[in-house]
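Down below is the structure, laid out as structure tokens.
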Amino acid sequence: MPPLSEEQVLHDKHFAGSKLAGIVRQAVKRALKEALEAAGATADNTALILSGGLDTSILADAATALQPFRFTHAATTAVLPPDYREQPISTTSSSSKIRAGEIVDLRAELDARLDLPHARRVAAANGIELHAVEIAAGEAMSRLMRDDGAGADVGTVIVGGVEQEETEFRPLPFCVGTLQTFDPMDLRGSVGLAVALRAVRRLGLTRVVTGDAADELFGGYAFLTRLTDAQLRAWIARFIKNEHLESELENEDSVRNDSYNKHATFSSVPLCHALGLQIVQPYLHSAVVSAAVKCHKIDLIAADPLDPSLIHGKFVLRAAFPEATSRWRRKVPLETGCGTSQIGQVFASSMPSHILSQNIDHVYSKYGIVIRDAEHLYYFRIFARLFAEEIPPDPKFPREVVDVVALTGSATERFAHNLSAQSIKWNTAIPRFGSDPCIKCGFQLERKDEYFCKTCGAWPARHGVWFNGGKEKQFIGFFVLIMKFYLDDLPVLFPYESIYPEQYAYMRDMKKALDAKGHCLLESPSGTGKTVSLLSLIVSYQQHYPEKRKLIYCSRTVPEIEKALAELQRLMEYRKRYVGNEQFLGLGLTSRRNLCIHSEISKEKRGNVVDARCRSLTAPWVRTETTKIQHPDQLCEYFENLEAADIEGTAAMPSGVYTLDDLKEYGKEKKQCPYFLSRKMLSSANVVIYSYHYLLDPKVATMVSRELSKDCIVVFDEAHNIDNVCTESLSVDLTRPILDASTRSITALAEKIEDLKANNSEKLQNEYNRLVEGLKEVQEARNAEELMANPVLPDDILNDAVPGNIRRAEHFVAFLRRFIEYLKTRMRVMHVVAESPVSFLQHVREITFIERKPLRFCSERLSSLIRTLELTDLSDYGALSKVAAFATLVSTYQKGFMLILEPFENDHDTIPNPVLHLTCLDATLAMKPVFERFSSVVITSGTLSPMELYPTLLGFKPVVVESYMMTLARNCFLPLTITRGSDQVAISSKFEVRNDLAIVRNYGNILLEFAKCVPDGLVCFFPSYLYLESIVASWNELGMLQDLLKYKLVFIETPDAAETSLALENYRKACDNGRGAVLLSVARGKVSEGVDFDHNYGRAVILFGIPYQYTESRILKARLEYLRDNFKVRENDFLTFDAMRHGAQCVGRVLRGKSDYGLMVFADKRFARADKRAKLPKWIQVEMSEAYVNLSTDMAVATAKKFLRSMAQPFEHSQLGISLWDDKLLAENIAKDKGKRRRAQINDDDPMNE
Amino acid sequence: MSEAMLGPADSLPPSRLECILSALETFTQEFLVVNPLGSIGLIETRDGGAEKLTEMTGNGNEHVAAIKAKPNREPRGEPSLQNSLEIARRSLLHVPSHGSREILILYSALNTCDPGNIFETIEALKTDNIRVSIIGLAAEMQICKRICKETKGVYNVILNEMHLKEVLAEHVAPPVVESEIDTGLAMIEMGFPSSIVFDIPTLCANHQKRTQTGYECPRCKTTICELPTDCPVCSLTLVSSVLLARSYHHLFPVPTYKEVPLAATYSSLNCRACSMPFPVITAEESVTNTREAVDNLAPKKASILGSGTSTQGLAASSSRYQCVKCKEYFCLECDLYAHETLHNCVGCLGKI
């Protein structure tokens, strides 16, 4: 091929006549000259590290042109492949004949990758003496890498044509030690360089010139060619900044000759220093840098002039030095050029994979460092030999745990590193586990914007980079990234591989509340994993902070408790795998009926029977010594064992999480009673999961929950109804049968007392004495242990002794009898009475001369009496204790209560069935002790909107109130509001119009049409049983029910629980086998609260009308009035709030997870109003677009059909990134979050500065 | 066909029934073209029961006639999934082991009226190795989903007419024979009759009609007018090799070739099929172990996935595609040719 002319070479449109090439040329020449002068380099003491590539070729050629200096020595390393044959340098010109400036096309040569021929050519062209260290591949190369003394000979060094045996120099340990790294990529190249440098040293030369930094400044790397101009320039700018070269740019004239010696970005620098050589890096000269920043992508990256498919970097350099011998050589990395890149294969073949994986596990468990392959392992071993120093284990090792855990090996091995990795001291310049550790090896990363770990070669070396494809994929099979993240300083371990965004937000906000030791109110849609986020945050919180605040998790029903326990168990399994064994006890507590393992009692079905029979076996007076010996069969074996163990102090349960079944299992195994065991363990457990009532119901709370300490975290899950639970727990209803039963109990009591008087009057006397002492003991206990206050027993009562007139047992019995008779007379009144407790008490005093004070002590006095009489069968006294509780409540509270007597069940009934309600109107009364007692109370549910109301109703000040959206990859639920039928008649369940034929028919049509187009299960909710019955009857008359039956079976919820559960069971069956079913139920019934209709069990929910409460109810009226007067809550607001939360609860039944889908149909014209809609949870509101809020039946059906079809399509799109975060996305978002907060802070600060 | 077929057309013009029936007609014809050795039987369900419209046969005309027959086009009553499945199962029991047994259901209703426990039917279908695929016309039903999942079939719910046609077309080609169970298949006796032109019209054995062109059964020399068929005299299965090949390639498709990753050297420089040389990969691109190459990977991947046509993305590929079985390299053109036209792998055939 004829040599190309200069014009041809520069034919590129951009360079023709460009000044830039000239500038660069001058800059490089000047840099070389000044650098050499500054270093005091002469021809006798300086060598060029000649790779034969463009950069060194330019230096060699430029120096030749730059008389009088001229390189005389150059060194290079070459690991030659076995089949390497020296090629004649060129067919057209022999080595000696090459002139500087002659263009030689090097692309065609077979060994274009290897440096050696190119180096020879450059050396020959400039008359430089080349010292090449040639090493044969294979065996010799593995010797090159050896770290023991045995294989020290490196190869043959040809120095000036004389072969010399190299001894004592072991290049690999030298490089590992000098560079303090075990990154294979770095070491491969460095080893080659080190051998070359060593050769220079042996020649007795003292200075070396390298071509470092040309690639960085002029875009030599292949990956840079893919960047845009801006990106490329930014990349180069970053390089310059990191190298601290910018200061020189600003002051171009001041040449700082020594500047380039300070930077250790290039491994040549430390290696030269270690060998006692002075390094000269001309390309780092400020002149070159300032020339480089002038370049744009178009100047740097361009196609080869001969072969446009080749893209070259450093184009401006190539243009600037047309005389360079290696002008058009393609860029190859250092290690490829010197041939050491084959080393990886040598190592890979040297070790079987199972040995390798054992070794990898070993290194991980001992050092906590992730090894990638055999080569990496080998380098690490050298690294560890050089730097690791074992120190005796420190008992207080820091908490940082590397986030990556090998999946292989046993769990114990996996955690060994926690201790042993800390017992290693690293004598490196880079700290381990510093402020910014690499995720794979724990060594400090150098810069914040660095994603590459220079110590272990990991990329990405930090979370927050999402690396799609490439090398890291290999590891994912081998190692798994734990979902662990930091909320401020709190490490949170999340037991799933990915996390919903709302879960993260939920945890973040809850942590805020816990830190502030305040209460919080959180609403998160159903199916977004509230429970698991809650548990994982709180458990992490417990384990991280020394206070170990206990968690009390309250849920509504036993299945929900079971679910939470199972979730907790899973979480702790996970933590055990990744954190190691923690002292942790998680327990559930439920009634005796669910926990009893006694052979006979456990067969009983009814809760109160189980309780009674259990008490008859376990009461202290039954368990006397005599019965123990004479009638052991009258005692419960399990309870006795537990008591015995308790006395010995061996009753403690081993740490772990026990579900209710586990608890029973454990009890059976140990032959101890699980119920009492769990009650005993409550005080030492870390997490307790039980029902609301154990905290809210004063009768139970004193028994079970009094020993809980103040800093407990209390969580009420599914708490949308909590205000009703509160008021109900303090309300008492008395009926005629109850009073009759009480009278009987009183008689029985009197007989017992007579008996006792005759046989053992001492006991009664003791009791009397005790009562004289008063309730001092209780008070002392309350002061000492900070007992949870019982709202039934206010503080002032404790200061008093029991009044004299009820101290004696017989007096008390007579007193009660009188009171009951009074109540009976009150019940005879035939009209409705509503009065306050004050006027009631007044009336009591007038008629019976019973004072307020003794009434207050009724409850306490009765239980004392029952204890004294050693009564076991408490179920007989249920009615009586109810009356006693009534007496205590009515006389204690003047405010917040109301007495209502309703003589008839319904207004038009004629047979009286009187009920005396003592209703609590104020939910704060029951909640108050809880909020006062515990510093952090979390109230959470799927439907808490509108959230402003809860703090008022419950009387607390939350520090965090938050409602979360549901992030969805597809819109998996569709709320439709139907306001009119197909005949355009507006529909409503308003009382006045609800029985109109048009409305009944339209409702029927809605049901029919939806039954036709919705597959499998369809759930309907009606405002009341009454309306349900009447409308179904009308539909039957209209023949609509017959039509409906063609498409779906119809099931109806009734107030009877057993019937309803049978209906539910069959409903599910019909949904499973394709027959399809409709469930007609009531918005405040059992179905609307606890039953889930996931997937095919509920493809649509229809809400017929707004589920308002029965507004004519006197109790409700009283409560509304009370709320208005005391909390300034308007009646209508409260009613709507209550109706909408029940409505939301109903429609929420259909969606139980992100893979589920369903229709939500609101069939009432009033739903279209903004004030109603605004009270729905936010996550439903956002889906209610204007198009769907005012539909007629046919429009709704058409929309529904379309929705159902589209939802039936396979759901392939990954939710990742939209509604699901993996750890990388999470880290990004945490960072974003922090950034936002910081910005917010800055913004906050700003006004202050002004 | 139940009353549900009478439902609103929604997106199936002119009416749901007409649309489905015409789609079905096309389907049966296409099916028999693609599967000359296959046979179909039609079953319809109405009034809570199910009845066979046609027996299992490979004769498309019979099916078309059955679909067109007026009494068969009247929807009434409720559908029964279980009854239809049971009838279909019984008719499929006779299918010899070399054939695949499949049921395809076009289901318009959202409920089913079954006499017994449908889950038992599912179990029976599973033991008989019958694959059930269902095309729902309205919405997703759990039972259908379950049937398809358990019998390894496909469940689709169609969006509109176009989608219906697409989904039906997917069912035309038979499912791939699973892994290596073909070694256990029994030998099938088949005859490959030769084509004859008669000088004088001759009666064919299957239709008793006069014909001048036909085939002669190689075993009993009976005259037959059409292929494929079973010989009416000696009941030998009579096919032509062309038909056999057409059926065969669906059952044993050519495995997808894998793209060969970049490497320093390759075992071959030419495509195995067309012998054209592969483009030469230069040194720089073959390097994968350098630091910059790792940095490089993410954007490279992105560029391939993103634009797909950027020169850099193409420059980085090895242009070689490897057959998993014979390990030979092919160029892209030959890859396409082998999969779309030839249905055979040149490399694998060369090794036989």
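All residue names refer to the structure tokens as shown: chains lettered A, B, ... in order, residues numbered from 1 in each chain, ligands numbered from 1 in order.
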
DSSP says strand (DSSP E) for which residues of segment 202-232 of chain B? Put them as a compact mmCIF listing (two decimals) with N, CA and C atoms, in the first residue's frame?
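Contents of part.txt, freshly written:
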```
# COMPACT_ATOMS: atom_id res chain seq x y z
N THR B 202 -62.79 -44.85 -12.70
CA THR B 202 -62.83 -45.97 -11.79
C THR B 202 -63.54 -45.54 -10.51
N LEU B 203 -64.20 -46.47 -9.85
CA LEU B 203 -64.85 -46.13 -8.58
C LEU B 203 -63.80 -46.04 -7.47
N ARG B 210 -67.01 -42.05 -9.27
CA ARG B 210 -66.07 -42.29 -10.37
C ARG B 210 -64.97 -41.24 -10.36
N THR B 211 -63.78 -41.67 -10.62
CA THR B 211 -62.68 -40.72 -10.67
C THR B 211 -61.66 -41.22 -11.68
N GLN B 212 -60.93 -40.26 -12.23
CA GLN B 212 -59.92 -40.69 -13.19
C GLN B 212 -58.52 -40.58 -12.63
N THR B 213 -58.36 -39.78 -11.58
CA THR B 213 -57.06 -39.73 -10.92
C THR B 213 -57.24 -40.19 -9.49
N GLY B 214 -56.26 -40.83 -8.97
CA GLY B 214 -56.38 -41.29 -7.59
C GLY B 214 -55.09 -41.91 -7.11
N TYR B 215 -55.22 -42.63 -6.06
CA TYR B 215 -54.05 -43.27 -5.48
C TYR B 215 -54.36 -44.73 -5.29
N GLU B 216 -53.30 -45.49 -5.13
CA GLU B 216 -53.50 -46.92 -4.95
C GLU B 216 -52.85 -47.33 -3.64
N THR B 223 -58.32 -48.45 -4.76
CA THR B 223 -58.23 -47.11 -5.32
C THR B 223 -58.83 -46.10 -4.35
N ILE B 224 -58.10 -45.03 -4.14
CA ILE B 224 -58.56 -43.98 -3.23
C ILE B 224 -58.45 -42.67 -3.97
N THR B 229 -55.99 -40.43 4.29
CA THR B 229 -57.18 -41.18 4.70
C THR B 229 -56.73 -42.54 5.23
N ASP B 230 -57.64 -43.25 5.81
CA ASP B 230 -57.37 -44.64 6.15
C ASP B 230 -57.94 -45.50 5.03
```

task: Do me a favour and pick out the residues of chain A within 6 Å of chain B, using only C-alpha atoms, as a PyMOL selection string.
output: chain A and resi 113+223+1015+1073-1076+1096+1204-1205+1208

field: Close residues, Leu816 of chain A itself excluded, 9 Å, only C-alpha atoms, min 2 positions apart in chain, as a PyMOL selection string
entry: chain A and resi 743+746+811-814+818-821+858+883-884

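Proximity to Met947 of chain A was assessed for A:Asn1036, A:Ser1206, A:Ser963, A:Thr455 counting only C-alpha atoms; the smallest distance is recorded for A:Ser963.
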
message: Excluding Ile103 of chain B and its own-chain neighbours fewer than 4 positions away, which residues fall within 9 Å of it when counting only C-alpha atoms? Please give them as a list in words.
response: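 What passes the distance filter is Leu85, Ala88, Arg89, Leu92, Ile130, Arg131, Val132, Ser133, Ile134 and Gly153 of chain B.
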
Writing out the chosen residues with N, CA, C and O atoms as a compact mmCIF listing (two decimals), in the first residue's frame:
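That gives us part04.txt:
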```
# COMPACT_ATOMS: atom_id res chain seq x y z
N LEU B 85 -66.62 -31.21 28.44
CA LEU B 85 -65.29 -31.78 28.64
C LEU B 85 -65.36 -33.30 28.67
O LEU B 85 -64.50 -33.98 28.11
N ALA B 88 -65.89 -34.62 25.17
CA ALA B 88 -64.66 -34.45 24.41
C ALA B 88 -63.61 -35.45 24.86
O ALA B 88 -62.90 -36.04 24.06
N ARG B 89 -63.55 -35.66 26.14
CA ARG B 89 -62.56 -36.59 26.67
C ARG B 89 -62.80 -37.99 26.14
O ARG B 89 -61.89 -38.68 25.70
N LEU B 92 -61.75 -38.35 22.65
CA LEU B 92 -60.31 -38.28 22.43
C LEU B 92 -59.60 -39.53 22.91
O LEU B 92 -58.43 -39.74 22.59
N ILE B 130 -54.77 -34.98 28.28
CA ILE B 130 -55.48 -34.13 27.34
C ILE B 130 -55.23 -32.68 27.71
O ILE B 130 -55.28 -32.31 28.89
N ARG B 131 -54.94 -31.89 26.69
CA ARG B 131 -54.62 -30.50 26.91
C ARG B 131 -55.87 -29.69 26.60
O ARG B 131 -56.46 -29.86 25.54
N VAL B 132 -56.27 -28.86 27.52
CA VAL B 132 -57.48 -28.05 27.29
C VAL B 132 -57.09 -26.58 27.18
O VAL B 132 -56.44 -26.05 28.08
N SER B 133 -57.45 -25.96 26.11
CA SER B 133 -57.26 -24.52 25.99
C SER B 133 -58.63 -23.88 25.88
O SER B 133 -59.53 -24.44 25.27
N ILE B 134 -58.75 -22.73 26.49
CA ILE B 134 -60.05 -22.07 26.48
C ILE B 134 -59.88 -20.64 25.97
O ILE B 134 -58.91 -19.97 26.33
N GLY B 153 -52.79 -26.17 29.20
CA GLY B 153 -53.31 -25.47 28.04
C GLY B 153 -53.12 -23.96 28.17
O GLY B 153 -52.42 -23.48 29.06
```

task: Enumerate as a ChimeraX atom specification all residues of segment 112-266 of chain B assigned to alpha helix (DSSP H) by DSSP on the backbone, naming them with the chain letters and numbers the document uses.
output: /B:118-127,142-150,161-170,241-251

- prompt: Which residues come within 8 Å of segment 319-334 of chain B, counting only C-alpha atoms, excluding same-chain residues fewer than 5 positions away, as number ranges by chain?
  reply: B: 255-260, 268, 270-274, 278-279, 345, 347-348, 351
